[in-house]
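The block underneath contains the structure these notes are about, expressed in C-alpha coordinates.
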Amino acid sequence: MAEPQCSMGGMPAWADYQEEAALFFRSLGLTASTNETIEGIRGRHAVDVAVRGQRAGQQLLWIVECKRWKTRVSKLHVAALISIVDDVGADRGILLSEAGFQSGAVALATRSNIRLTSLAELRGESTWEYEDLQFNDYRRRLAQIEARLQTFTVTRGNTSRTRKGIDGDQLLRGYAMVSTAQRALDAVHLNRWPIPYGLSFGTGDSDDFLAAASRSELVDGLGLEVDKAEALSLELEAKVQEW
(Lines give C-alpha, C1' and ligand atoms only; values in the text may rest on other atoms or scores of the structure.)
Protein backbone atom coordinates (compact mmCIF):
# COMPACT_ATOMS: atom_id res chain seq x y z
CA MET A 1 0.00 0.00 0.00
CA ALA A 2 1.31 3.46 -0.84
CA GLU A 3 1.91 5.89 1.98
CA PRO A 4 -0.87 8.54 2.21
CA GLN A 5 0.13 12.01 1.13
CA CYS A 6 -1.00 15.29 2.62
CA SER A 7 -3.41 17.58 0.80
CA MET A 8 -2.59 21.19 0.05
CA GLY A 9 -4.62 22.35 3.05
CA GLY A 10 -2.52 20.27 5.45
CA MET A 11 -5.21 17.63 5.98
CA PRO A 12 -4.03 14.03 5.40
CA ALA A 13 -4.97 12.87 1.91
CA TRP A 14 -7.10 10.00 3.24
CA ALA A 15 -9.14 12.39 5.41
CA ASP A 16 -9.47 14.87 2.56
CA TYR A 17 -10.73 12.08 0.29
CA GLN A 18 -13.32 11.06 2.88
CA GLU A 19 -14.57 14.64 3.16
CA GLU A 20 -14.78 14.95 -0.62
CA ALA A 21 -16.85 11.77 -0.76
CA ALA A 22 -19.16 12.96 2.03
CA LEU A 23 -19.69 16.31 0.30
CA PHE A 24 -20.56 14.52 -2.94
CA PHE A 25 -23.31 12.43 -1.32
CA ARG A 26 -24.64 15.50 0.52
CA SER A 27 -24.94 17.27 -2.84
CA LEU A 28 -27.41 14.54 -3.83
CA GLY A 29 -29.67 15.40 -0.91
CA LEU A 30 -28.38 12.59 1.31
CA THR A 31 -26.75 12.83 4.73
CA ALA A 32 -23.16 11.65 5.10
CA SER A 33 -20.91 11.43 8.15
CA THR A 34 -17.22 10.54 8.20
CA ASN A 35 -15.36 8.25 10.61
CA GLU A 36 -18.55 6.87 12.12
CA THR A 37 -18.75 3.77 14.31
CA ILE A 38 -21.77 1.59 13.51
CA GLU A 39 -23.08 -1.23 15.68
CA GLY A 40 -23.51 -4.55 13.88
CA ILE A 41 -24.73 -7.99 14.92
CA ARG A 42 -21.22 -9.30 15.48
CA GLY A 43 -19.56 -6.11 16.68
CA ARG A 44 -18.81 -2.43 16.10
CA HIS A 45 -17.36 -1.16 12.83
CA ALA A 46 -15.47 2.07 12.12
CA VAL A 47 -16.41 3.17 8.60
CA ASP A 48 -14.99 5.97 6.45
CA VAL A 49 -18.35 7.41 5.35
CA ALA A 50 -21.89 6.42 6.35
CA VAL A 51 -24.54 7.64 3.90
CA ARG A 52 -28.20 7.79 4.86
CA GLY A 53 -31.32 9.02 3.11
CA GLN A 54 -34.60 8.04 1.58
CA ARG A 55 -35.33 6.70 -1.88
CA ALA A 56 -38.78 5.58 -3.07
CA GLY A 57 -40.09 5.93 0.48
CA GLN A 58 -37.49 3.58 1.95
CA GLN A 59 -34.69 4.46 4.37
CA LEU A 60 -31.25 3.56 3.05
CA LEU A 61 -27.79 3.07 4.51
CA TRP A 62 -24.66 2.91 2.37
CA ILE A 63 -21.20 2.12 3.74
CA VAL A 64 -18.46 3.91 1.81
CA GLU A 65 -14.78 3.02 2.13
CA CYS A 66 -12.27 5.46 0.66
CA LYS A 67 -8.86 4.21 -0.53
CA ARG A 68 -6.74 7.10 -1.71
CA TRP A 69 -3.79 4.95 -2.66
CA LYS A 70 -1.33 4.89 -5.54
CA THR A 71 -1.89 1.15 -6.02
CA ARG A 72 -4.99 -0.78 -7.02
CA VAL A 73 -7.25 -2.14 -4.29
CA SER A 74 -7.19 -5.92 -3.68
CA LYS A 75 -10.03 -8.38 -3.13
CA LEU A 76 -9.19 -8.55 0.59
CA HIS A 77 -10.62 -5.07 1.03
CA VAL A 78 -13.72 -5.99 -0.97
CA ALA A 79 -14.22 -9.02 1.27
CA ALA A 80 -13.84 -6.84 4.37
CA LEU A 81 -16.47 -4.39 3.10
CA ILE A 82 -18.84 -7.23 2.22
CA SER A 83 -18.56 -8.45 5.81
CA ILE A 84 -19.27 -5.01 7.28
CA VAL A 85 -22.24 -4.36 4.98
CA ASP A 86 -23.73 -7.73 5.89
CA ASP A 87 -23.17 -7.27 9.64
CA VAL A 88 -24.75 -3.80 9.91
CA GLY A 89 -27.56 -4.57 7.44
CA ALA A 90 -26.58 -1.84 4.97
CA ASP A 91 -28.25 -1.64 1.58
CA ARG A 92 -25.00 -1.19 -0.31
CA GLY A 93 -21.27 -0.90 0.04
CA ILE A 94 -19.20 1.46 -2.10
CA LEU A 95 -15.44 1.18 -2.41
CA LEU A 96 -13.80 4.31 -3.80
CA SER A 97 -10.35 4.29 -5.41
CA GLU A 98 -8.90 6.65 -7.99
CA ALA A 99 -6.12 4.13 -8.75
CA GLY A 100 -8.46 1.28 -9.72
CA PHE A 101 -8.95 -2.30 -8.54
CA GLN A 102 -7.22 -5.64 -8.98
CA SER A 103 -8.98 -8.25 -11.12
CA GLY A 104 -9.74 -10.39 -8.06
CA ALA A 105 -11.46 -7.45 -6.40
CA VAL A 106 -13.63 -6.84 -9.46
CA ALA A 107 -14.58 -10.52 -9.70
CA LEU A 108 -15.58 -10.69 -6.02
CA ALA A 109 -17.59 -7.44 -6.16
CA THR A 110 -19.67 -8.62 -9.14
CA ARG A 111 -21.15 -11.35 -6.93
CA SER A 112 -22.14 -8.95 -4.16
CA ASN A 113 -23.87 -5.64 -3.43
CA ILE A 114 -20.54 -3.82 -3.47
CA ARG A 115 -19.89 -1.09 -6.02
CA LEU A 116 -16.28 -0.50 -7.09
CA THR A 117 -15.85 2.98 -8.49
CA SER A 118 -14.05 6.30 -8.13
CA LEU A 119 -15.21 9.68 -6.93
CA ALA A 120 -14.53 11.09 -10.38
CA GLU A 121 -16.74 8.42 -11.98
CA LEU A 122 -19.56 8.99 -9.49
CA ARG A 123 -19.51 12.71 -10.14
CA GLY A 124 -19.83 12.14 -13.87
CA GLU A 125 -22.70 9.67 -13.48
CA SER A 126 -24.66 11.78 -11.01
CA THR A 127 -24.67 15.09 -12.88
CA TRP A 128 -28.28 14.74 -14.02
CA GLU A 129 -29.47 13.62 -10.59
CA TYR A 130 -27.81 16.63 -8.98
CA GLU A 131 -29.35 18.97 -11.57
CA ASP A 132 -32.80 17.47 -11.04
CA LEU A 133 -32.46 18.04 -7.30
CA GLN A 134 -31.58 21.66 -7.98
CA PHE A 135 -34.55 22.09 -10.33
CA ASN A 136 -36.90 20.63 -7.71
CA ASP A 137 -35.51 23.03 -5.12
CA TYR A 138 -36.05 25.96 -7.51
CA ARG A 139 -39.69 24.90 -8.01
CA ARG A 140 -40.23 24.84 -4.27
CA ARG A 141 -38.67 28.27 -3.77
CA LEU A 142 -40.55 29.81 -6.71
CA ALA A 143 -43.85 28.55 -5.28
CA GLN A 144 -43.00 30.24 -1.98
CA ILE A 145 -42.05 33.48 -3.74
CA GLU A 146 -45.27 33.47 -5.77
CA ALA A 147 -47.33 32.92 -2.61
CA ARG A 148 -45.56 35.86 -0.97
CA LEU A 149 -46.19 38.11 -3.98
CA GLN A 150 -49.89 37.28 -3.87
CA THR A 151 -50.13 38.72 -0.35
CA PHE A 152 -49.24 42.17 -1.73
CA THR A 153 -52.56 42.43 -3.59
CA VAL A 154 -55.95 43.07 -1.96
CA THR A 155 -59.07 41.87 -3.82
CA ARG A 156 -62.56 43.13 -3.03
CA GLY A 157 -65.29 41.92 -5.29
CA ASN A 158 -64.07 42.34 -8.84
CA THR A 159 -61.48 44.97 -7.93
CA SER A 160 -57.83 44.35 -7.05
CA ARG A 161 -55.26 46.82 -5.82
CA THR A 162 -51.76 46.67 -4.42
CA ARG A 163 -51.31 47.13 -0.70
CA LYS A 164 -49.95 50.38 0.67
CA GLY A 165 -46.21 50.72 0.31
CA ILE A 166 -46.01 48.36 -2.67
CA ASP A 167 -44.65 49.58 -5.99
CA GLY A 168 -46.91 48.10 -8.67
CA ASP A 169 -44.10 47.96 -11.24
CA GLN A 170 -41.87 46.05 -8.82
CA LEU A 171 -44.68 43.62 -8.10
CA LEU A 172 -45.22 42.97 -11.81
CA ARG A 173 -41.49 42.48 -12.23
CA GLY A 174 -41.54 39.87 -9.49
CA TYR A 175 -44.39 37.99 -11.14
CA ALA A 176 -42.57 38.13 -14.50
CA MET A 177 -39.40 36.70 -12.98
CA VAL A 178 -41.29 33.86 -11.30
CA SER A 179 -43.36 33.05 -14.39
CA THR A 180 -40.33 33.02 -16.70
CA ALA A 181 -38.36 30.76 -14.36
CA GLN A 182 -41.28 28.36 -13.94
CA ARG A 183 -41.73 28.09 -17.72
CA ALA A 184 -38.02 27.28 -18.04
CA LEU A 185 -38.37 24.44 -15.54
CA ASP A 186 -41.40 23.11 -17.42
CA ALA A 187 -39.38 23.14 -20.66
CA VAL A 188 -36.38 21.13 -19.37
CA HIS A 189 -37.86 17.74 -20.27
CA LEU A 190 -38.36 18.86 -23.89
CA ASN A 191 -34.57 19.12 -24.23
CA ARG A 192 -34.84 21.92 -26.79
CA TRP A 193 -32.08 24.38 -26.21
CA PRO A 194 -31.59 27.27 -25.65
CA ILE A 195 -34.27 27.75 -22.99
CA PRO A 196 -35.20 31.30 -21.84
CA TYR A 197 -35.09 31.44 -18.05
CA GLY A 198 -34.96 35.13 -17.09
CA LEU A 199 -35.40 38.73 -18.14
CA SER A 200 -32.59 41.26 -18.38
CA PHE A 201 -35.02 44.14 -17.68
CA GLY A 202 -33.40 46.52 -20.15
CA THR A 203 -34.17 50.21 -20.45
CA GLY A 204 -35.74 49.96 -23.90
CA ASP A 205 -39.29 49.21 -24.96
CA SER A 206 -38.82 45.50 -24.39
CA ASP A 207 -36.75 43.29 -22.13
CA ASP A 208 -34.34 40.72 -23.49
CA PHE A 209 -34.53 37.10 -22.39
CA LEU A 210 -31.62 35.38 -20.71
CA ALA A 211 -31.24 31.88 -22.17
CA ALA A 212 -29.35 28.71 -21.25
CA ALA A 213 -27.80 26.39 -23.83
CA SER A 214 -27.57 23.35 -21.52
CA ARG A 215 -28.84 21.88 -18.25
CA SER A 216 -25.72 22.97 -16.38
CA GLU A 217 -26.11 26.54 -17.65
CA LEU A 218 -29.77 26.49 -16.61
CA VAL A 219 -28.88 25.31 -13.10
CA ASP A 220 -26.45 28.21 -12.68
CA GLY A 221 -28.62 30.83 -14.39
CA LEU A 222 -31.84 29.88 -12.63
CA GLY A 223 -30.06 29.86 -9.29
CA LEU A 224 -29.25 33.54 -9.75
CA GLU A 225 -32.77 34.37 -10.99
CA VAL A 226 -34.46 32.62 -8.07
CA ASP A 227 -32.14 34.45 -5.66
CA LYS A 228 -33.07 37.79 -7.26
CA ALA A 229 -36.81 37.03 -7.23
CA GLU A 230 -36.57 36.00 -3.58
CA ALA A 231 -34.71 39.18 -2.68
CA LEU A 232 -37.30 41.30 -4.50
CA SER A 233 -40.22 39.62 -2.71
CA LEU A 234 -38.55 40.14 0.67
CA GLU A 235 -37.87 43.79 -0.19
CA LEU A 236 -41.56 44.31 -0.98
CA GLU A 237 -42.56 42.53 2.21
CA ALA A 238 -40.38 44.90 4.22
CA LYS A 239 -42.07 47.89 2.61
CA VAL A 240 -45.50 46.64 3.60
CA GLN A 241 -44.39 46.18 7.18
CA GLU A 242 -43.18 49.78 7.29
CA TRP A 243 -46.70 51.12 6.68
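In the C-alpha coordinates, chains take the letters A, B, ... in the order shown, each chain's residues start at 1, and ligands count up from 1 in the order shown.
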- Residues within 8 Å of range 116-128 of chain A, only C-alpha atoms, excluding chain neighbours under 3 positions, as a ChimeraX atom specification: /A:21,24,94-98,100-101,106,109,131-132
Put those residues in a file: all heavy atoms, as a short mmCIF file (atom, residue, chain, number, x, y, z; two decimals), in the first residue's frame.
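File produced: selection.cif:
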```cif
data_model
loop_
_atom_site.label_atom_id
_atom_site.label_comp_id
_atom_site.auth_asym_id
_atom_site.auth_seq_id
_atom_site.Cartn_x
_atom_site.Cartn_y
_atom_site.Cartn_z
N ALA A 21 -15.79 12.75 -0.52
CA ALA A 21 -16.85 11.77 -0.76
C ALA A 21 -18.12 12.16 -0.02
O ALA A 21 -19.22 12.10 -0.57
CB ALA A 21 -16.38 10.38 -0.32
N PHE A 24 -19.89 14.96 -1.71
CA PHE A 24 -20.56 14.52 -2.94
C PHE A 24 -21.94 13.95 -2.62
O PHE A 24 -22.94 14.33 -3.25
CB PHE A 24 -19.71 13.46 -3.65
CG PHE A 24 -20.48 12.70 -4.68
CD1 PHE A 24 -20.77 13.26 -5.92
CD2 PHE A 24 -20.96 11.42 -4.41
CE1 PHE A 24 -21.51 12.57 -6.86
CE2 PHE A 24 -21.70 10.73 -5.34
CZ PHE A 24 -21.97 11.30 -6.58
N ILE A 94 -19.88 0.78 -0.98
CA ILE A 94 -19.20 1.46 -2.10
C ILE A 94 -17.73 1.59 -1.74
O ILE A 94 -17.39 2.11 -0.67
CB ILE A 94 -19.81 2.85 -2.36
CG1 ILE A 94 -21.31 2.72 -2.70
CG2 ILE A 94 -19.06 3.55 -3.50
CD1 ILE A 94 -22.01 4.06 -2.83
N LEU A 95 -16.88 1.09 -2.63
CA LEU A 95 -15.44 1.18 -2.41
C LEU A 95 -14.87 2.15 -3.44
O LEU A 95 -14.96 1.93 -4.65
CB LEU A 95 -14.81 -0.21 -2.58
CG LEU A 95 -13.38 -0.41 -2.08
CD1 LEU A 95 -13.22 0.05 -0.64
CD2 LEU A 95 -12.99 -1.87 -2.22
N LEU A 96 -14.32 3.26 -2.94
CA LEU A 96 -13.80 4.31 -3.80
C LEU A 96 -12.29 4.22 -3.91
O LEU A 96 -11.58 4.12 -2.91
CB LEU A 96 -14.18 5.69 -3.25
CG LEU A 96 -15.66 6.05 -3.19
CD1 LEU A 96 -15.84 7.43 -2.57
CD2 LEU A 96 -16.27 6.02 -4.59
N SER A 97 -11.79 4.27 -5.16
CA SER A 97 -10.35 4.29 -5.41
C SER A 97 -10.10 4.97 -6.74
O SER A 97 -10.69 4.59 -7.75
CB SER A 97 -9.78 2.87 -5.45
OG SER A 97 -8.46 2.88 -5.95
N GLU A 98 -9.24 5.96 -6.74
CA GLU A 98 -8.90 6.65 -7.99
C GLU A 98 -7.83 5.88 -8.76
O GLU A 98 -7.58 6.15 -9.93
CB GLU A 98 -8.40 8.07 -7.69
CG GLU A 98 -9.37 8.92 -6.88
CD GLU A 98 -10.76 9.02 -7.49
OE1 GLU A 98 -10.85 9.36 -8.69
OE2 GLU A 98 -11.75 8.75 -6.78
N GLY A 100 -7.88 2.48 -9.12
CA GLY A 100 -8.46 1.28 -9.72
C GLY A 100 -8.45 0.09 -8.78
O GLY A 100 -8.12 0.21 -7.59
N PHE A 101 -8.78 -1.09 -9.33
CA PHE A 101 -8.95 -2.30 -8.54
C PHE A 101 -8.31 -3.49 -9.23
O PHE A 101 -8.29 -3.58 -10.46
CB PHE A 101 -10.45 -2.57 -8.32
CG PHE A 101 -11.19 -1.43 -7.68
CD1 PHE A 101 -11.74 -0.43 -8.46
CD2 PHE A 101 -11.30 -1.35 -6.31
CE1 PHE A 101 -12.41 0.64 -7.88
CE2 PHE A 101 -11.96 -0.29 -5.72
CZ PHE A 101 -12.52 0.70 -6.50
N VAL A 106 -12.50 -7.03 -8.54
CA VAL A 106 -13.63 -6.84 -9.46
C VAL A 106 -14.49 -8.09 -9.53
O VAL A 106 -15.73 -8.02 -9.48
CB VAL A 106 -13.11 -6.47 -10.87
CG1 VAL A 106 -14.27 -6.38 -11.86
CG2 VAL A 106 -12.35 -5.15 -10.82
N ALA A 109 -16.55 -8.46 -6.29
CA ALA A 109 -17.59 -7.44 -6.16
C ALA A 109 -18.79 -7.73 -7.05
O ALA A 109 -19.93 -7.40 -6.69
CB ALA A 109 -17.02 -6.07 -6.48
N GLU A 131 -28.62 17.88 -10.91
CA GLU A 131 -29.35 18.97 -11.57
C GLU A 131 -30.84 18.87 -11.30
O GLU A 131 -31.51 19.89 -11.06
CB GLU A 131 -29.05 18.95 -13.07
CG GLU A 131 -27.63 19.36 -13.41
CD GLU A 131 -27.24 19.06 -14.84
OE1 GLU A 131 -27.98 18.32 -15.53
OE2 GLU A 131 -26.18 19.54 -15.27
N ASP A 132 -31.38 17.65 -11.32
CA ASP A 132 -32.80 17.47 -11.04
C ASP A 132 -33.15 17.89 -9.61
O ASP A 132 -34.21 18.47 -9.35
CB ASP A 132 -33.22 16.01 -11.27
CG ASP A 132 -33.35 15.68 -12.75
OD1 ASP A 132 -33.48 16.61 -13.56
OD2 ASP A 132 -33.31 14.48 -13.09
#
```
- Message: Quick one: residues within 10 Å of Arg72 in chain A, only C-alpha atoms, excluding same-chain residues fewer than 2 positions away - as a ChimeraX atom specification?
- Response: /A:1-2,67-70,74-75,97-103,105
- Task: Determine which residues of range 128-190 of chain A DSSP labels as helix (DSSP H, G or I) from the backbone of this structure, then write them out as a ChimeraX atom specification.
- Result: /A:128-150,168-190
Convert the current residue selection to file output with N, CA and C atoms, as a short mmCIF file (atom, residue, chain, number, x, y, z; two decimals), in the first residue's frame.
```
data_model
loop_
_atom_site.label_atom_id
_atom_site.label_comp_id
_atom_site.auth_asym_id
_atom_site.auth_seq_id
_atom_site.Cartn_x
_atom_site.Cartn_y
_atom_site.Cartn_z
N TRP A 128 -26.86 14.50 -13.78
CA TRP A 128 -28.28 14.74 -14.02
C TRP A 128 -29.08 14.67 -12.74
N GLU A 129 -28.73 13.72 -11.84
CA GLU A 129 -29.47 13.62 -10.59
C GLU A 129 -29.30 14.88 -9.76
N TYR A 130 -28.07 15.39 -9.72
CA TYR A 130 -27.81 16.63 -8.98
C TYR A 130 -28.61 17.78 -9.58
N GLU A 131 -28.62 17.88 -10.91
CA GLU A 131 -29.35 18.97 -11.57
C GLU A 131 -30.84 18.87 -11.30
N ASP A 132 -31.38 17.65 -11.32
CA ASP A 132 -32.80 17.47 -11.04
C ASP A 132 -33.15 17.89 -9.61
N LEU A 133 -32.26 17.59 -8.68
CA LEU A 133 -32.46 18.04 -7.30
C LEU A 133 -32.50 19.56 -7.20
N GLN A 134 -31.60 20.20 -7.96
CA GLN A 134 -31.58 21.66 -7.98
C GLN A 134 -32.86 22.21 -8.59
N PHE A 135 -33.32 21.63 -9.69
CA PHE A 135 -34.55 22.09 -10.33
C PHE A 135 -35.74 21.94 -9.39
N ASN A 136 -35.80 20.83 -8.67
CA ASN A 136 -36.90 20.63 -7.71
C ASN A 136 -36.86 21.68 -6.60
N ASP A 137 -35.65 22.01 -6.16
CA ASP A 137 -35.51 23.03 -5.12
C ASP A 137 -35.95 24.39 -5.65
N TYR A 138 -35.63 24.69 -6.91
CA TYR A 138 -36.05 25.96 -7.51
C TYR A 138 -37.57 26.03 -7.60
N ARG A 139 -38.22 24.92 -7.96
CA ARG A 139 -39.69 24.90 -8.01
C ARG A 139 -40.29 25.22 -6.65
N ARG A 140 -39.73 24.61 -5.62
CA ARG A 140 -40.23 24.84 -4.27
C ARG A 140 -40.07 26.30 -3.89
N ARG A 141 -38.93 26.88 -4.14
CA ARG A 141 -38.67 28.27 -3.77
C ARG A 141 -39.53 29.23 -4.59
N LEU A 142 -39.72 28.94 -5.87
CA LEU A 142 -40.55 29.81 -6.71
C LEU A 142 -42.01 29.79 -6.24
N ALA A 143 -42.48 28.63 -5.81
CA ALA A 143 -43.85 28.55 -5.28
C ALA A 143 -43.99 29.40 -4.02
N GLN A 144 -42.97 29.41 -3.18
CA GLN A 144 -43.00 30.24 -1.98
C GLN A 144 -42.96 31.72 -2.33
N ILE A 145 -42.15 32.07 -3.32
CA ILE A 145 -42.05 33.48 -3.74
C ILE A 145 -43.38 33.94 -4.32
N GLU A 146 -43.99 33.11 -5.16
CA GLU A 146 -45.27 33.47 -5.77
C GLU A 146 -46.35 33.67 -4.70
N ALA A 147 -46.36 32.78 -3.70
CA ALA A 147 -47.33 32.92 -2.61
C ALA A 147 -47.12 34.22 -1.85
N ARG A 148 -45.85 34.61 -1.66
CA ARG A 148 -45.56 35.86 -0.97
C ARG A 148 -46.02 37.06 -1.81
N LEU A 149 -45.78 37.01 -3.11
CA LEU A 149 -46.19 38.11 -3.98
C LEU A 149 -47.71 38.30 -3.96
N GLN A 150 -48.43 37.20 -3.86
CA GLN A 150 -49.89 37.28 -3.87
C GLN A 150 -50.43 38.00 -2.64
N GLY A 168 -46.25 48.99 -7.73
CA GLY A 168 -46.91 48.10 -8.67
C GLY A 168 -45.97 47.56 -9.74
N ASP A 169 -45.05 48.40 -10.22
CA ASP A 169 -44.10 47.96 -11.24
C ASP A 169 -43.16 46.89 -10.68
N GLN A 170 -42.73 47.06 -9.43
CA GLN A 170 -41.87 46.05 -8.82
C GLN A 170 -42.61 44.73 -8.64
N LEU A 171 -43.88 44.83 -8.28
CA LEU A 171 -44.68 43.62 -8.10
C LEU A 171 -44.83 42.87 -9.42
N LEU A 172 -45.11 43.61 -10.49
CA LEU A 172 -45.22 42.97 -11.81
C LEU A 172 -43.91 42.35 -12.23
N ARG A 173 -42.82 43.02 -11.90
CA ARG A 173 -41.49 42.48 -12.23
C ARG A 173 -41.27 41.16 -11.50
N GLY A 174 -41.67 41.10 -10.25
CA GLY A 174 -41.54 39.87 -9.49
C GLY A 174 -42.32 38.72 -10.11
N TYR A 175 -43.57 39.01 -10.49
CA TYR A 175 -44.39 37.99 -11.14
C TYR A 175 -43.75 37.52 -12.45
N ALA A 176 -43.19 38.47 -13.22
CA ALA A 176 -42.57 38.13 -14.50
C ALA A 176 -41.36 37.23 -14.29
N MET A 177 -40.57 37.52 -13.27
CA MET A 177 -39.40 36.70 -12.98
C MET A 177 -39.81 35.28 -12.59
N VAL A 178 -40.82 35.17 -11.73
CA VAL A 178 -41.29 33.86 -11.30
C VAL A 178 -41.87 33.07 -12.47
N SER A 179 -42.71 33.73 -13.27
CA SER A 179 -43.36 33.05 -14.39
C SER A 179 -42.34 32.56 -15.42
N THR A 180 -41.35 33.39 -15.72
CA THR A 180 -40.33 33.02 -16.70
C THR A 180 -39.51 31.83 -16.20
N ALA A 181 -39.15 31.85 -14.93
CA ALA A 181 -38.36 30.76 -14.36
C ALA A 181 -39.16 29.46 -14.32
N GLN A 182 -40.45 29.55 -13.98
CA GLN A 182 -41.28 28.36 -13.94
C GLN A 182 -41.46 27.76 -15.33
N ARG A 183 -41.61 28.60 -16.35
CA ARG A 183 -41.73 28.09 -17.72
C ARG A 183 -40.45 27.39 -18.15
N ALA A 184 -39.31 27.91 -17.70
CA ALA A 184 -38.02 27.28 -18.04
C ALA A 184 -37.94 25.88 -17.43
N LEU A 185 -38.38 25.74 -16.19
CA LEU A 185 -38.37 24.44 -15.54
C LEU A 185 -39.31 23.46 -16.25
N ASP A 186 -40.45 23.96 -16.70
CA ASP A 186 -41.40 23.11 -17.42
C ASP A 186 -40.82 22.64 -18.76
N ALA A 187 -39.91 23.44 -19.33
CA ALA A 187 -39.38 23.14 -20.66
C ALA A 187 -38.16 22.22 -20.65
N VAL A 188 -37.61 21.93 -19.45
CA VAL A 188 -36.38 21.13 -19.37
C VAL A 188 -36.55 19.77 -20.03
N HIS A 189 -37.68 19.10 -19.76
CA HIS A 189 -37.86 17.74 -20.27
C HIS A 189 -37.98 17.69 -21.79
N LEU A 190 -38.27 18.83 -22.43
CA LEU A 190 -38.36 18.86 -23.89
C LEU A 190 -36.98 18.79 -24.54
#
```
- Task: Give me the residues within 10 Å of Ile166 in chain A as a VMD selection string, counting only C-alpha atoms and dropping any in the same chain fewer than 3 places off.
- Result: chain A and resid 152 to 153 161 to 163 169 to 171 235 to 240 243
Store the residues picked out above, limited to N, CA, C and O atoms, as a CSV table (one decimal), in the first residue's frame.
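Result went into selection-v3.csv, see below:
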```
chain,number,residue,atom,x,y,z
A,152,PHE,N,-49.4,40.7,-1.6
A,152,PHE,CA,-49.2,42.2,-1.7
A,152,PHE,C,-50.4,42.8,-2.5
A,152,PHE,O,-50.4,44.0,-2.8
A,153,THR,N,-51.4,42.0,-2.9
A,153,THR,CA,-52.6,42.4,-3.6
A,153,THR,C,-53.8,42.2,-2.8
A,153,THR,O,-54.0,41.1,-2.2
A,161,ARG,N,-56.2,45.7,-5.9
A,161,ARG,CA,-55.3,46.8,-5.8
A,161,ARG,C,-54.1,46.3,-5.0
A,161,ARG,O,-54.2,45.4,-4.2
A,162,THR,N,-52.9,47.0,-5.2
A,162,THR,CA,-51.8,46.7,-4.4
A,162,THR,C,-51.9,47.3,-3.0
A,162,THR,O,-52.5,48.3,-2.9
A,163,ARG,N,-51.3,46.6,-2.1
A,163,ARG,CA,-51.3,47.1,-0.7
A,163,ARG,C,-50.4,48.4,-0.6
A,163,ARG,O,-49.5,48.6,-1.4
A,169,ASP,N,-45.0,48.4,-10.2
A,169,ASP,CA,-44.1,48.0,-11.2
A,169,ASP,C,-43.2,46.9,-10.7
A,169,ASP,O,-42.8,45.9,-11.4
A,170,GLN,N,-42.7,47.1,-9.4
A,170,GLN,CA,-41.9,46.1,-8.8
A,170,GLN,C,-42.6,44.7,-8.6
A,170,GLN,O,-42.0,43.7,-8.8
A,171,LEU,N,-43.9,44.8,-8.3
A,171,LEU,CA,-44.7,43.6,-8.1
A,171,LEU,C,-44.8,42.9,-9.4
A,171,LEU,O,-44.7,41.6,-9.5
A,235,GLU,N,-37.9,42.3,-0.2
A,235,GLU,CA,-37.9,43.8,-0.2
A,235,GLU,C,-39.3,44.4,-0.2
A,235,GLU,O,-39.5,45.3,0.6
A,236,LEU,N,-40.2,43.8,-1.0
A,236,LEU,CA,-41.6,44.3,-1.0
A,236,LEU,C,-42.2,44.0,0.4
A,236,LEU,O,-43.0,44.8,0.9
A,237,GLU,N,-42.0,42.9,0.9
A,237,GLU,CA,-42.6,42.5,2.2
A,237,GLU,C,-42.1,43.5,3.3
A,237,GLU,O,-42.9,43.9,4.1
A,238,ALA,N,-40.9,43.9,3.2
A,238,ALA,CA,-40.4,44.9,4.2
A,238,ALA,C,-41.1,46.2,4.1
A,238,ALA,O,-41.4,46.9,5.0
A,239,LYS,N,-41.4,46.6,2.8
A,239,LYS,CA,-42.1,47.9,2.6
A,239,LYS,C,-43.5,47.9,3.2
A,239,LYS,O,-44.0,48.9,3.7
A,240,VAL,N,-44.2,46.8,3.1
A,240,VAL,CA,-45.5,46.6,3.6
A,240,VAL,C,-45.5,46.8,5.1
A,240,VAL,O,-46.3,47.4,5.7
A,243,TRP,N,-45.5,50.3,6.7
A,243,TRP,CA,-46.7,51.1,6.7
A,243,TRP,C,-47.6,50.8,7.9
A,243,TRP,O,-47.8,49.6,8.2
```
- Secondary structure check, strand (DSSP E) residues of range 8-231 of chain A, as an NGL selection string: :A and (31-39 or 44-55 or 58-67 or 92-97 or 114-117 or 153-156 or 159-162 or 195-199 or 209-212)
